[in-house]
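*Asks:* Next up, protein20.cif (mmCIF, C-alpha atoms).
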```cif
data_query
loop_
_atom_site.label_atom_id
_atom_site.label_comp_id
_atom_site.auth_asym_id
_atom_site.auth_seq_id
_atom_site.Cartn_x
_atom_site.Cartn_y
_atom_site.Cartn_z
CA MET P 658 0.00 0.00 0.00
CA LYS P 659 1.26 3.50 -0.83
CA TYR P 660 0.51 6.47 1.37
CA ALA P 661 0.61 10.15 0.56
CA ASP P 662 3.53 11.99 2.18
CA GLY P 663 1.45 15.17 2.20
CA GLY P 664 -1.85 16.42 0.89
CA GLY P 665 -4.59 14.03 -0.17
CA LEU P 666 -2.93 12.29 -3.14
CA THR P 667 -0.46 9.44 -3.33
CA PRO P 668 2.55 9.78 -5.64
CA ALA P 669 0.72 7.64 -8.22
CA GLY P 670 -2.31 9.91 -7.95
CA ARG P 671 -0.19 13.01 -8.56
CA ARG P 672 1.36 11.38 -11.62
CA ARG P 673 -2.10 10.61 -13.02
CA ARG P 674 -3.21 14.19 -12.39
CA GLU P 675 -0.11 15.56 -14.10
CA THR P 676 -0.79 13.31 -17.11
CA VAL P 677 -4.28 14.79 -17.46
CA ARG P 678 -2.87 18.31 -17.24
CA MET P 679 -0.35 17.58 -19.99
CA GLN P 680 -3.18 16.29 -22.17
CA ALA P 681 -5.06 19.51 -21.49
CA ALA P 682 -2.01 21.53 -22.53
CA GLU P 683 -1.88 19.69 -25.87
CA LEU P 684 -5.55 20.51 -26.46
CA PHE P 685 -5.00 24.17 -25.52
CA GLU P 686 -2.22 24.38 -28.14
CA GLN P 687 -4.80 23.20 -30.68
CA LYS P 688 -6.94 26.23 -29.69
CA ILE P 689 -9.69 24.07 -28.20
CA ASN P 690 -12.10 25.79 -25.82
CA PRO P 691 -11.63 24.93 -22.09
CA SER P 692 -15.25 23.76 -21.88
CA GLU P 693 -14.59 21.23 -24.64
CA VAL P 694 -11.35 20.20 -22.90
CA ALA P 695 -13.30 19.56 -19.71
CA ARG P 696 -15.77 17.39 -21.61
CA ARG P 697 -13.08 15.36 -23.36
CA LEU P 698 -10.95 14.79 -20.28
CA ARG P 699 -13.94 14.37 -17.93
CA VAL P 700 -12.84 17.06 -15.51
CA SER P 701 -14.73 20.02 -14.09
CA VAL P 702 -15.10 23.15 -16.20
CA LYS P 703 -13.60 25.18 -13.36
CA SER P 704 -10.41 23.09 -13.39
CA ALA P 705 -10.14 23.37 -17.18
CA TYR P 706 -10.33 27.19 -17.05
CA GLN P 707 -7.76 27.31 -14.21
CA TRP P 708 -5.38 25.12 -16.21
CA HIS P 709 -5.95 27.29 -19.28
CA GLN P 710 -4.98 30.42 -17.34
CA LEU P 711 -1.85 28.74 -15.98
CA TRP P 712 -0.94 27.55 -19.47
CA ARG P 713 -1.37 31.06 -20.92
CA ASP P 714 0.83 32.59 -18.19
CA GLY P 715 3.58 29.99 -17.93
CA GLY P 716 3.23 27.47 -20.71
CA VAL P 717 3.35 23.72 -20.29
CA GLN P 718 5.76 23.88 -17.34
CA ALA P 719 3.15 25.74 -15.31
CA LEU P 720 0.97 22.62 -15.39
CA ALA P 721 3.71 20.29 -14.11
CA SER P 722 3.26 18.80 -10.65
CA ARG P 723 5.06 20.61 -7.86
CA GLY P 724 5.00 17.66 -5.49
CA PRO P 725 2.79 17.11 -2.48
CA SER P 726 0.87 20.06 -1.08
CA GLY P 727 0.51 20.84 2.57
CA PRO P 728 2.84 19.85 5.41
CA ARG P 729 4.89 16.70 5.10
CA CYS P 730 3.62 13.70 7.05
CA ARG P 731 5.67 13.15 10.20
CA LEU P 732 5.39 9.36 9.93
CA SER P 733 7.43 7.49 7.36
CA PRO P 734 5.73 5.00 5.01
CA ARG P 735 7.10 2.15 7.16
CA CYS P 736 5.60 3.72 10.30
CA LEU P 737 2.29 4.15 8.51
CA GLU P 738 2.31 0.44 7.65
CA LYS P 739 2.94 -0.40 11.30
CA LEU P 740 0.20 1.98 12.47
CA ALA P 741 -2.33 0.33 10.15
CA ALA P 742 -1.37 -3.08 11.57
CA TYR P 743 -1.76 -1.78 15.13
CA LEU P 744 -5.22 -0.42 14.35
CA GLU P 745 -6.33 -3.73 12.83
CA GLN P 746 -5.34 -5.51 16.06
CA GLY P 747 -8.09 -3.62 17.89
CA PRO P 748 -8.08 -1.34 20.96
CA ALA P 749 -7.93 -4.23 23.46
CA ALA P 750 -4.49 -5.25 22.18
CA HIS P 751 -3.17 -1.82 23.23
CA GLY P 752 -4.73 -1.47 26.67
CA TRP P 753 -8.28 -0.20 26.02
CA VAL P 754 -10.14 -3.28 27.26
CA GLU P 755 -13.34 -1.64 28.53
CA ASP P 756 -14.80 -1.40 25.03
CA GLN P 757 -13.90 -2.12 21.41
CA VAL P 758 -13.93 1.38 19.94
CA TRP P 759 -11.16 3.24 18.16
CA THR P 760 -11.49 7.01 18.65
CA ALA P 761 -9.32 9.72 17.16
CA SER P 762 -8.07 10.57 20.65
CA ARG P 763 -6.99 6.97 21.23
CA VAL P 764 -5.29 6.85 17.84
CA ALA P 765 -3.35 10.02 18.68
CA THR P 766 -2.32 8.45 22.00
CA LEU P 767 -1.26 5.25 20.22
CA ILE P 768 0.89 7.23 17.77
CA GLY P 769 2.60 8.97 20.67
CA ARG P 770 3.29 5.67 22.47
CA LYS P 771 4.60 3.78 19.46
CA PHE P 772 6.37 6.45 17.39
CA HIS P 773 6.96 9.31 19.90
CA VAL P 774 5.21 11.77 17.62
CA THR P 775 2.52 14.17 18.83
CA TYR P 776 -0.71 14.32 16.81
CA SER P 777 -3.84 16.35 17.52
CA VAL P 778 -7.27 14.75 17.40
CA SER P 779 -8.06 16.41 14.07
CA GLY P 780 -4.67 15.39 12.70
CA ALA P 781 -5.24 11.78 13.75
CA THR P 782 -8.63 11.88 12.03
CA ARG P 783 -7.08 13.04 8.75
CA LEU P 784 -4.35 10.43 9.08
CA MET P 785 -6.95 7.67 9.59
CA HIS P 786 -8.72 8.71 6.38
CA ARG P 787 -5.38 8.74 4.56
CA LEU P 788 -4.73 5.17 5.73
CA GLY P 789 -8.08 4.05 4.31
CA PHE P 790 -10.01 3.88 7.61
CA SER P 791 -13.48 5.35 8.13
CA PRO P 792 -16.07 5.37 10.96
CA GLN P 793 -18.21 2.24 10.64
CA VAL P 794 -20.78 0.27 12.62
CA PRO P 795 -19.07 -3.08 13.34
CA ALA P 796 -20.63 -6.48 12.75
CA ARG P 797 -21.10 -8.61 15.84
CA ARG P 798 -19.57 -12.03 16.36
CA VAL P 799 -20.06 -14.14 19.47
CA ALA P 800 -17.04 -15.02 21.58
CA GLU P 801 -17.99 -18.72 21.65
CA ARG P 802 -17.59 -19.06 17.89
CA ASP P 803 -14.91 -21.54 16.80
CA GLU P 804 -13.24 -20.15 13.68
CA GLN P 805 -11.30 -23.36 13.11
CA ALA P 806 -14.52 -25.40 13.12
CA VAL P 807 -16.11 -23.02 10.60
CA SER P 808 -13.09 -23.29 8.30
CA MET P 809 -13.06 -27.07 8.59
CA TRP P 810 -16.76 -27.20 7.72
CA ARG P 811 -16.13 -25.20 4.56
CA GLU P 812 -13.13 -27.27 3.52
CA ALA P 813 -14.24 -30.78 4.52
CA THR P 814 -17.96 -31.02 5.30
CA TRP P 815 -19.29 -28.88 2.45
CA PRO P 816 -17.58 -30.99 -0.28
CA GLU P 817 -19.11 -34.04 1.41
CA VAL P 818 -22.55 -32.42 1.33
CA LYS P 819 -22.20 -31.64 -2.38
CA GLY P 820 -20.88 -35.10 -3.12
CA ARG P 821 -23.77 -36.76 -1.27
CA GLY P 822 -26.29 -34.64 -3.17
CA ALA P 823 -24.67 -35.37 -6.55
CA ALA P 824 -24.41 -39.12 -5.83
CA CYS P 825 -28.14 -39.49 -5.09
CA GLY P 826 -29.29 -36.90 -7.64
CA GLY P 827 -31.08 -35.00 -4.90
CA TYR P 828 -31.42 -31.46 -3.65
CA VAL P 829 -29.13 -29.76 -1.16
CA CYS P 830 -31.37 -27.85 1.26
CA PHE P 831 -30.64 -25.21 3.91
CA GLU P 832 -33.18 -24.61 6.68
CA ASP P 833 -33.50 -21.89 9.28
CA GLU P 834 -36.20 -20.32 11.41
CA ALA P 835 -37.09 -16.79 12.48
CA GLY P 836 -39.60 -15.00 14.68
CA PHE P 837 -41.73 -11.93 13.95
CA THR P 838 -43.57 -9.77 16.47
CA ARG P 839 -45.91 -6.81 16.27
CA ARG P 840 -42.97 -4.54 17.09
CA PRO P 841 -41.28 -4.02 13.69
CA PRO P 842 -37.60 -3.33 13.03
CA ARG P 843 -36.55 0.27 12.48
CA GLY P 844 -35.66 1.50 9.02
CA ARG P 845 -34.53 4.74 7.44
CA THR P 846 -37.14 7.25 6.29
CA TRP P 847 -37.17 10.87 5.14
CA GLY P 848 -37.71 13.57 7.74
CA ARG P 849 -37.11 17.26 8.27
CA ARG P 850 -33.51 18.02 9.19
CA GLY P 851 -33.12 18.32 12.96
CA VAL P 852 -36.47 16.68 13.70
CA THR P 853 -36.38 12.93 14.33
CA PRO P 854 -39.33 11.13 12.68
CA VAL P 855 -41.62 9.27 15.08
CA VAL P 856 -43.18 5.91 14.20
CA THR P 857 -46.12 4.69 16.29
CA ILE P 858 -45.81 1.04 17.28
CA SER P 859 -47.54 -1.32 19.66
CA GLY P 860 -46.29 -1.32 23.23
CA ARG P 861 -47.59 -4.82 23.83
CA ARG P 862 -45.58 -7.91 23.08
CA SER P 863 -48.67 -10.07 22.73
CA GLY P 864 -48.46 -12.77 20.11
CA ARG P 865 -45.64 -14.03 17.99
CA LEU P 866 -45.19 -15.46 14.50
CA SER P 867 -42.72 -18.32 13.92
CA VAL P 868 -41.49 -19.04 10.39
CA ALA P 869 -39.33 -21.89 9.14
CA GLY P 870 -37.79 -21.44 5.69
CA LEU P 871 -35.98 -23.89 3.44
CA ILE P 872 -33.95 -23.21 0.28
CA ALA P 873 -33.58 -26.22 -2.05
CA MET P 874 -30.97 -26.17 -4.81
CA ARG P 875 -29.58 -28.57 -7.37
CA PRO P 876 -27.31 -27.94 -10.38
CA GLY P 877 -29.43 -27.43 -13.48
CA SER P 878 -32.67 -26.92 -11.53
CA ARG P 879 -34.49 -23.83 -10.37
CA THR P 880 -33.74 -22.80 -6.81
CA ARG P 881 -36.84 -23.15 -4.61
CA LEU P 882 -37.96 -21.52 -1.39
CA CYS P 883 -40.47 -23.27 0.88
CA HIS P 884 -41.73 -22.10 4.23
CA ARG P 885 -44.05 -22.97 7.10
CA LEU P 886 -45.71 -20.42 9.41
CA ARG P 887 -47.26 -20.81 12.83
CA THR P 888 -48.86 -18.10 14.99
CA HIS P 889 -48.51 -18.11 18.77
CA PRO P 890 -51.26 -16.05 20.45
CA ALA P 891 -50.55 -14.48 23.80
CA GLY P 892 -51.21 -16.62 26.84
CA LYS P 893 -49.41 -18.49 29.57
CA GLY P 894 -48.59 -22.10 28.99
CA THR P 895 -48.68 -21.87 25.17
CA ARG P 896 -45.73 -22.88 23.03
CA ARG P 897 -43.95 -19.92 21.42
CA SER P 898 -41.79 -21.80 18.92
CA MET P 899 -42.04 -24.58 16.36
CA SER P 900 -41.85 -28.23 17.35
CA GLU P 901 -40.12 -31.20 15.71
CA ARG P 902 -43.33 -32.07 13.86
CA ASP P 903 -43.44 -28.62 12.27
CA PHE P 904 -39.91 -28.91 10.94
CA ILE P 905 -40.35 -32.46 9.66
CA ALA P 906 -43.66 -31.47 8.02
CA LEU P 907 -41.77 -28.74 6.12
CA VAL P 908 -39.14 -31.25 4.96
CA ASP P 909 -41.83 -33.77 3.94
CA GLY P 910 -43.56 -31.07 1.92
CA VAL P 911 -40.37 -30.20 0.09
CA HIS P 912 -39.74 -33.87 -0.65
CA GLN P 913 -43.21 -34.21 -2.19
CA LEU P 914 -42.58 -31.07 -4.24
CA VAL P 915 -39.17 -31.96 -5.71
CA ARG P 916 -39.69 -35.77 -5.73
CA ALA P 917 -36.00 -36.39 -5.08
CA PRO P 918 -33.71 -37.25 -2.15
CA ILE P 919 -32.85 -34.38 0.18
CA VAL P 920 -29.51 -33.54 1.79
CA LEU P 921 -30.51 -31.18 4.59
CA VAL P 922 -28.19 -28.68 6.29
CA TRP P 923 -29.34 -26.84 9.40
CA ASP P 924 -28.06 -25.47 12.70
CA ARG P 925 -27.86 -27.05 16.13
CA LEU P 926 -31.20 -25.85 17.48
CA ASN P 927 -32.42 -28.08 20.30
CA THR P 928 -35.40 -29.27 18.24
CA HIS P 929 -33.03 -30.15 15.38
CA VAL P 930 -30.85 -32.44 17.46
CA SER P 931 -33.42 -33.89 19.87
CA ARG P 932 -34.03 -37.64 20.13
CA ARG P 933 -37.49 -37.20 18.65
CA MET P 934 -36.04 -35.46 15.59
CA ARG P 935 -33.39 -38.15 15.19
CA ASP P 936 -36.19 -40.75 15.13
CA PHE P 937 -38.05 -38.77 12.47
CA VAL P 938 -34.91 -38.57 10.32
CA ALA P 939 -34.15 -42.28 10.70
CA GLU P 940 -37.63 -43.14 9.38
CA ARG P 941 -36.92 -41.35 6.08
CA GLU P 942 -34.41 -43.12 3.86
CA TRP P 943 -34.38 -40.26 1.36
CA LEU P 944 -33.22 -37.74 3.99
CA THR P 945 -29.60 -37.06 5.02
CA VAL P 946 -28.85 -34.40 7.64
CA PHE P 947 -25.67 -32.37 8.19
CA LEU P 948 -25.20 -29.91 11.06
CA LEU P 949 -23.66 -26.48 10.71
CA PRO P 950 -20.95 -25.44 13.19
CA ALA P 951 -22.16 -23.39 16.13
CA TYR P 952 -22.60 -19.64 15.67
CA SER P 953 -22.05 -19.58 11.89
CA PRO P 954 -25.09 -17.81 10.38
CA GLU P 955 -23.07 -16.61 7.38
CA LEU P 956 -23.04 -20.20 6.06
CA ASN P 957 -26.84 -20.39 5.83
CA PRO P 958 -28.48 -18.56 2.88
CA VAL P 959 -31.87 -18.59 4.64
CA GLU P 960 -30.43 -16.00 7.04
CA TRP P 961 -30.30 -13.66 4.05
CA VAL P 962 -33.98 -14.38 3.39
CA TRP P 963 -34.90 -13.23 6.90
CA ALA P 964 -32.80 -10.08 6.55
CA HIS P 965 -34.51 -9.31 3.24
CA VAL P 966 -38.02 -9.87 4.64
CA LYS P 967 -37.46 -7.93 7.87
CA ARG P 968 -35.99 -5.00 5.96
CA SER P 969 -39.19 -4.82 3.91
CA LEU P 970 -41.27 -4.80 7.12
CA ALA P 971 -39.46 -1.87 8.73
CA ASN P 972 -41.55 0.82 10.46
CA LEU P 973 -44.85 -1.08 10.22
CA ALA P 974 -47.84 0.60 11.79
CA VAL P 975 -49.77 -1.05 14.61
CA MET P 976 -51.56 -4.12 13.28
CA ALA P 977 -53.13 -7.39 14.34
CA LEU P 978 -51.17 -10.64 14.38
CA ASP P 979 -53.12 -12.13 11.46
CA ARG P 980 -52.31 -9.08 9.33
CA LEU P 981 -48.61 -9.51 10.15
CA GLU P 982 -48.86 -13.15 9.10
CA ALA P 983 -50.41 -12.12 5.75
CA LEU P 984 -47.59 -9.64 5.11
CA VAL P 985 -44.87 -12.19 5.87
CA ARG P 986 -46.55 -14.73 3.58
CA ASN P 987 -46.71 -12.10 0.86
CA ARG P 988 -42.99 -11.24 1.14
CA LEU P 989 -41.99 -14.92 1.06
CA LYS P 990 -44.32 -15.58 -1.88
CA ARG P 991 -42.56 -12.86 -3.85
CA LEU P 992 -39.19 -14.46 -3.22
CA GLN P 993 -40.48 -17.83 -4.43
CA TYR P 994 -40.90 -16.28 -7.89
CA ARG P 995 -37.41 -14.74 -7.85
CA PRO P 996 -34.96 -17.64 -8.08
CA HIS P 997 -32.15 -15.29 -9.14
CA THR P 998 -32.52 -13.44 -5.84
CA LEU P 999 -32.29 -16.74 -3.99
CA ASP P 1000 -29.18 -17.60 -6.01
CA GLY P 1001 -27.73 -14.29 -4.83
CA PHE P 1002 -28.37 -15.27 -1.22
CA ILE P 1003 -26.54 -18.55 -1.83
CA ALA P 1004 -23.63 -16.76 -3.50
CA GLY P 1005 -23.36 -14.51 -0.44
CA THR P 1006 -22.40 -17.52 1.68
CA GLY P 1007 -19.49 -18.41 -0.61
CA LEU P 1008 -20.85 -21.96 -0.99
CA THR P 1009 -21.27 -23.13 -4.58
CA LEU P 1010 -22.76 -26.29 -6.07
CA ASP P 1011 -20.04 -26.99 -8.61
CA ALA P 1012 -19.09 -30.45 -9.76
CA PRO P 1013 -18.07 -32.67 -6.81
CA PRO P 1014 -14.36 -33.50 -6.55
CA SER P 1015 -13.25 -36.77 -8.04
CA PRO P 1016 -12.49 -39.53 -5.47
#
```
Just dump the structure as structure tokens.
*Replies:*
Amino acid sequence: MKYADGGGLTPAGRRRRETVRMQAAELFEQKINPSEVARRLRVSVKSAYQWHQLWRDGGVQALASRGPSGPRCRLSPRCLEKLAAYLEQGPAAHGWVEDQVWTASRVATLIGRKFHVTYSVSGATRLMHRLGFSPQVPARRVAERDEQAVSMWREATWPEVKGRGAACGGYVCFEDEAGFTRRPPRGRTWGRRGVTPVVTISGRRSGRLSVAGLIAMRPGSRTRLCHRLRTHPAGKGTRRSMSERDFIALVDGVHQLVRAPIVLVWDRLNTHVSRRMRDFVAEREWLTVFLLPAYSPELNPVEWVWAHVKRSLANLAVMALDRLEALVRNRLKRLQYRPHTLDGFIAGTGLTLDAPPSP
């Protein structure tokens, strides 16, 4: 990586800018209007007229690069490389263990500790941008996740899943479940600047909607999405999630639809690994089950389905539970007629159904 030693451009960027200026000088010598020069070189009209004035006063040499503008960076390129590596290690690696947030003040302190150079908060902010960093909302990852197990699943288990599906000519299926309540997720909306928009929602948490979704895919066949919904009205002593029979009914329905063996991949939910579920699976010769590693939602394309549906339900007004059920069914029905969107969800996991490796 190359860093600018001053100003906002790297040495390569300054060379590209100088090349464009030299091209402009050649066009000026041909008596071409600056507006036309701006159009041909895809630069602003203001820049073209400024270059034309410089060219008239000093010729071609006036358009040559004079090197970096502004003060010279007090950190060498090698120190900048080290600083970027320190920042990627996270704040905890450098003593800030109470949270996981890099602030400009902490970056300035880090620079002083490591390189004995004083930076202001604003200077550290500009330096962070120069290094390619920007303020972002981080993604969350649970501490109990085993990265080695996830990697092993990708490298060893997934080829076995594909090979089992290709050997029996069946479908590889991913299953996952989600819950919907009358309190919708928040989404962006337009509002007057300085006045936060207000969305009226239900203050009661009565009732819940459970949905199980299954994506079935096979090379050369259309990707399918099947789902099963169950409402859970408010009340003590009532079940608020799906049972083993609900999940196996979904799988049976998919089997009747595709009329082919199924290689099922799902997570380690207690109803997925219970003794009752193992008995259900053993009764079906056409069904083979593989378990995902713990805390690895990025391997399941159905997780993308839930994100897509919940995003479309943002900022819902107060409504009854049956109306919420109708909306969720409608969103899932739309996705059933968009196999290319489902293929995009699968591609997002990095898992592909290419030809199985030869034994």
*Asks:* Mind checking which residues fall within 12 Å of Glu940 of chain P, counting all atoms listed in the file, ignoring those fewer than 6 positions away in the same chain, and posting them as a list in words?
*Replies:* Ile905, Asp909, Arg933 and Met934 of chain P
*Asks:* Skip Arg811 of chain P itself and residues of its chain fewer than 2 positions away, then list as a list of chain:residue names all residues within 12 Å of it, counting only C-alpha atoms.
*Replies:*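 Non-adjacent residues within range: P:Glu804, P:Gln805, P:Ala806, P:Val807, P:Ser808, P:Met809, P:Ala813, P:Thr814, P:Trp815, P:Pro816, P:Glu817, P:Val818, P:Lys819, P:Leu949, P:Pro950, P:Ser953, P:Glu955, P:Leu956, P:Asn957, P:Thr1006, P:Gly1007, P:Leu1008, P:Thr1009.
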*Asks:* Show me the residues around (-43.2, -12.6, 9.1) - criterion: an atom at most 10 Å away, only C-alpha atoms counted - as a ChimeraX atom specification.
*Replies:* /P:835-839,841,865-868,886-888,963,966-967,970,978,980-989
*Asks:* Starting from the shown file, work through the PyMOL selection byres ((chain P and resi 1000-1002) around 8) and note down what comes out as a ChimeraX atom specification.
*Replies:* /P:880,958-959,961-962,996-999,1003-1006
*Asks:* Could you pull the residues within 10 Å of Asn690 of chain P, counting only C-alpha atoms, minus those fewer than 5 positions along the same chain, as a list in words?
*Replies:* Leu684, Phe685, Ala695, Ala705, Tyr706 and His709 of chain P
*Asks:* Contacts of Gly827 of chain P at 9 Å or less, counting all atoms listed in the file, minus same-chain residues fewer than 4 places along, as an MDAnalysis selection string?
*Replies:* chainID P and resid 821:823 874:875 915:920 943
*Asks:* What gap, in Å, lies between atom CA of Tyr828 of chain P and atom CA of Ala873 of chain P?
*Replies:*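 Pair atom CA of Tyr828 of chain P / atom CA of Ala873 of chain P returns 5.9 Å.
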*Asks:* One number please: atom CA of Arg735 of chain P to atom CA of Ala669 of chain P, in Å, one decimal.
*Replies:*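 Distance between the two atoms: 17.5 Å.
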*Asks:* Run the PyMOL selection byres ((chain P and resi 766-782) around 9) mentally over the shown coordinates, then write out the matched residues as number ranges by chain, using the chain letters and numbers from the document.
*Replies:* P: 731-732, 736, 740, 743, 751, 760-765, 783-787
*Asks:* Would you mind exporting C-alpha atoms of the selected residues as an mmCIF file, in the frame of the given file?
*Replies:*
```
data_model
loop_
_atom_site.group_PDB
_atom_site.id
_atom_site.type_symbol
_atom_site.label_atom_id
_atom_site.label_comp_id
_atom_site.auth_asym_id
_atom_site.auth_seq_id
_atom_site.Cartn_x
_atom_site.Cartn_y
_atom_site.Cartn_z
ATOM 1 C CA ARG P 731 5.670 13.150 10.200
ATOM 2 C CA LEU P 732 5.390 9.360 9.930
ATOM 3 C CA CYS P 736 5.600 3.720 10.300
ATOM 4 C CA LEU P 740 0.200 1.980 12.470
ATOM 5 C CA TYR P 743 -1.760 -1.780 15.130
ATOM 6 C CA HIS P 751 -3.170 -1.820 23.230
ATOM 7 C CA THR P 760 -11.490 7.010 18.650
ATOM 8 C CA ALA P 761 -9.320 9.720 17.160
ATOM 9 C CA SER P 762 -8.070 10.570 20.650
ATOM 10 C CA ARG P 763 -6.990 6.970 21.230
ATOM 11 C CA VAL P 764 -5.290 6.850 17.840
ATOM 12 C CA ALA P 765 -3.350 10.020 18.680
ATOM 13 C CA ARG P 783 -7.080 13.040 8.750
ATOM 14 C CA LEU P 784 -4.350 10.430 9.080
ATOM 15 C CA MET P 785 -6.950 7.670 9.590
ATOM 16 C CA HIS P 786 -8.720 8.710 6.380
ATOM 17 C CA ARG P 787 -5.380 8.740 4.560
#
```
*Asks:* Between atom CA of Asp833 of chain P and atom CA of Arg897 of chain P, what is the spacing in Å?
*Replies:*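 Between these atoms lies a distance of 16.1 Å.
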*Asks:* Tell me which of P:Leu948, P:Leu720, P:Ala749, P:Met976 sits closest to Thr857 of chain P, counting only C-alpha atoms.
*Replies:*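 Of the candidates, the smallest distance to Thr857 of chain P is held by P:Met976.
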*Asks:* Counting all atoms listed in the file, which residue out of P:Ser863, P:Val829, P:Ile689, P:Gln707 sits closest to Pro876 of chain P?
*Replies:*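 Of all the options, P:Val829 lies closest to Pro876 of chain P.
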*Asks:* Is it possible to get the axis-aligned box enclosing segment 811-819 of chain P (all listed atoms, 8 Å extra per side) as lines of an AutoDock Vina configuration file, with centre and edge lengths in Å rounded to one decimal?
*Replies:*
```
center_x = -17.8
center_y = -29.6
center_z = 1.5
size_x = 25.4
size_y = 24.8
size_z = 23.7
```
*Asks:* Using only C-alpha atoms for the distances, tell me which of P:Ala974, P:Cys883, P:Val694, P:Ala951 is nearest to Ala681 of chain P.
*Replies:*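 For Ala681 of chain P, the nearest of the given residues is P:Val694.
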*Asks:* Can you tell me, as a ChimeraX atom specification, what residues are no more than 9 Å from Gly747 of chain P when counting all atoms listed in the file, ignoring any on the same chain fewer than 6 positions away?
*Replies:* /P:753,757-759
*Asks:* Using only C-alpha atoms for the distances, tell me which of P:Arg881, P:Arg935, P:Trp712, P:Arg902 is nearest to Arg995 of chain P.
*Replies:*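 Going through P:Arg881, P:Arg935, P:Trp712, P:Arg902 one by one, the smallest distance to Arg995 of chain P is for P:Arg881.
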*Asks:* Applying the PyMOL selection byres ((chain P and resi 679) around 12) to the file I just gave you, which residues come out? Please list them as a list in words.
*Replies:* Arg672, Arg673, Arg674, Glu675, Thr676, Val677, Arg678, Gln680, Ala681, Ala682, Glu683, Leu684, Phe685, Glu686, Val694, Leu698, Ala705, Trp708, His709, Leu711, Trp712, Gly716, Val717, Gln718, Ala719, Leu720, Ala721 and Ser722 of chain P
*Asks:* Using only C-alpha atoms, please write the residues we just selected to a file, as a PDB file, in the coordinates of the input.
*Replies:*
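What ended up in again-v9.pdb:
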```
ATOM      1  CA  ARG P 672       1.360  11.380 -11.620  1.00  0.00           C
ATOM      2  CA  ARG P 673      -2.100  10.610 -13.020  1.00  0.00           C
ATOM      3  CA  ARG P 674      -3.210  14.190 -12.390  1.00  0.00           C
ATOM      4  CA  GLU P 675      -0.110  15.560 -14.100  1.00  0.00           C
ATOM      5  CA  THR P 676      -0.790  13.310 -17.110  1.00  0.00           C
ATOM      6  CA  VAL P 677      -4.280  14.790 -17.460  1.00  0.00           C
ATOM      7  CA  ARG P 678      -2.870  18.310 -17.240  1.00  0.00           C
ATOM      8  CA  GLN P 680      -3.180  16.290 -22.170  1.00  0.00           C
ATOM      9  CA  ALA P 681      -5.060  19.510 -21.490  1.00  0.00           C
ATOM     10  CA  ALA P 682      -2.010  21.530 -22.530  1.00  0.00           C
ATOM     11  CA  GLU P 683      -1.880  19.690 -25.870  1.00  0.00           C
ATOM     12  CA  LEU P 684      -5.550  20.510 -26.460  1.00  0.00           C
ATOM     13  CA  PHE P 685      -5.000  24.170 -25.520  1.00  0.00           C
ATOM     14  CA  GLU P 686      -2.220  24.380 -28.140  1.00  0.00           C
ATOM     15  CA  VAL P 694     -11.350  20.200 -22.900  1.00  0.00           C
ATOM     16  CA  LEU P 698     -10.950  14.790 -20.280  1.00  0.00           C
ATOM     17  CA  ALA P 705     -10.140  23.370 -17.180  1.00  0.00           C
ATOM     18  CA  TRP P 708      -5.380  25.120 -16.210  1.00  0.00           C
ATOM     19  CA  HIS P 709      -5.950  27.290 -19.280  1.00  0.00           C
ATOM     20  CA  LEU P 711      -1.850  28.740 -15.980  1.00  0.00           C
ATOM     21  CA  TRP P 712      -0.940  27.550 -19.470  1.00  0.00           C
ATOM     22  CA  GLY P 716       3.230  27.470 -20.710  1.00  0.00           C
ATOM     23  CA  VAL P 717       3.350  23.720 -20.290  1.00  0.00           C
ATOM     24  CA  GLN P 718       5.760  23.880 -17.340  1.00  0.00           C
ATOM     25  CA  ALA P 719       3.150  25.740 -15.310  1.00  0.00           C
ATOM     26  CA  LEU P 720       0.970  22.620 -15.390  1.00  0.00           C
ATOM     27  CA  ALA P 721       3.710  20.290 -14.110  1.00  0.00           C
ATOM     28  CA  SER P 722       3.260  18.800 -10.650  1.00  0.00           C
TER      29      SER P 722
END
```
*Asks:* Because the input lacks atoms here, generate N, CA, C and O atoms for segment 785-790 of chain P and report them as a compact mmCIF listing (two decimals), keeping the file's coordinate frame.
*Replies:*
```txt
# COMPACT_ATOMS: atom_id res chain seq x y z
N MET P 785 -6.15 8.90 9.72
CA MET P 785 -6.95 7.67 9.59
C MET P 785 -7.59 7.59 8.20
O MET P 785 -7.60 6.54 7.57
N HIS P 786 -8.13 8.70 7.73
CA HIS P 786 -8.72 8.71 6.38
C HIS P 786 -7.66 8.42 5.33
O HIS P 786 -7.91 7.72 4.35
N ARG P 787 -6.45 8.97 5.52
CA ARG P 787 -5.38 8.74 4.56
C ARG P 787 -4.98 7.27 4.53
O ARG P 787 -4.61 6.74 3.48
N LEU P 788 -5.08 6.59 5.67
CA LEU P 788 -4.73 5.17 5.73
C LEU P 788 -5.83 4.27 5.18
O LEU P 788 -5.66 3.05 5.09
N GLY P 789 -6.99 4.85 4.85
CA GLY P 789 -8.08 4.05 4.31
C GLY P 789 -9.09 3.61 5.35
O GLY P 789 -9.93 2.75 5.07
N PHE P 790 -9.05 4.20 6.56
CA PHE P 790 -10.01 3.88 7.61
C PHE P 790 -11.15 4.89 7.59
O PHE P 790 -10.95 6.05 7.20
```
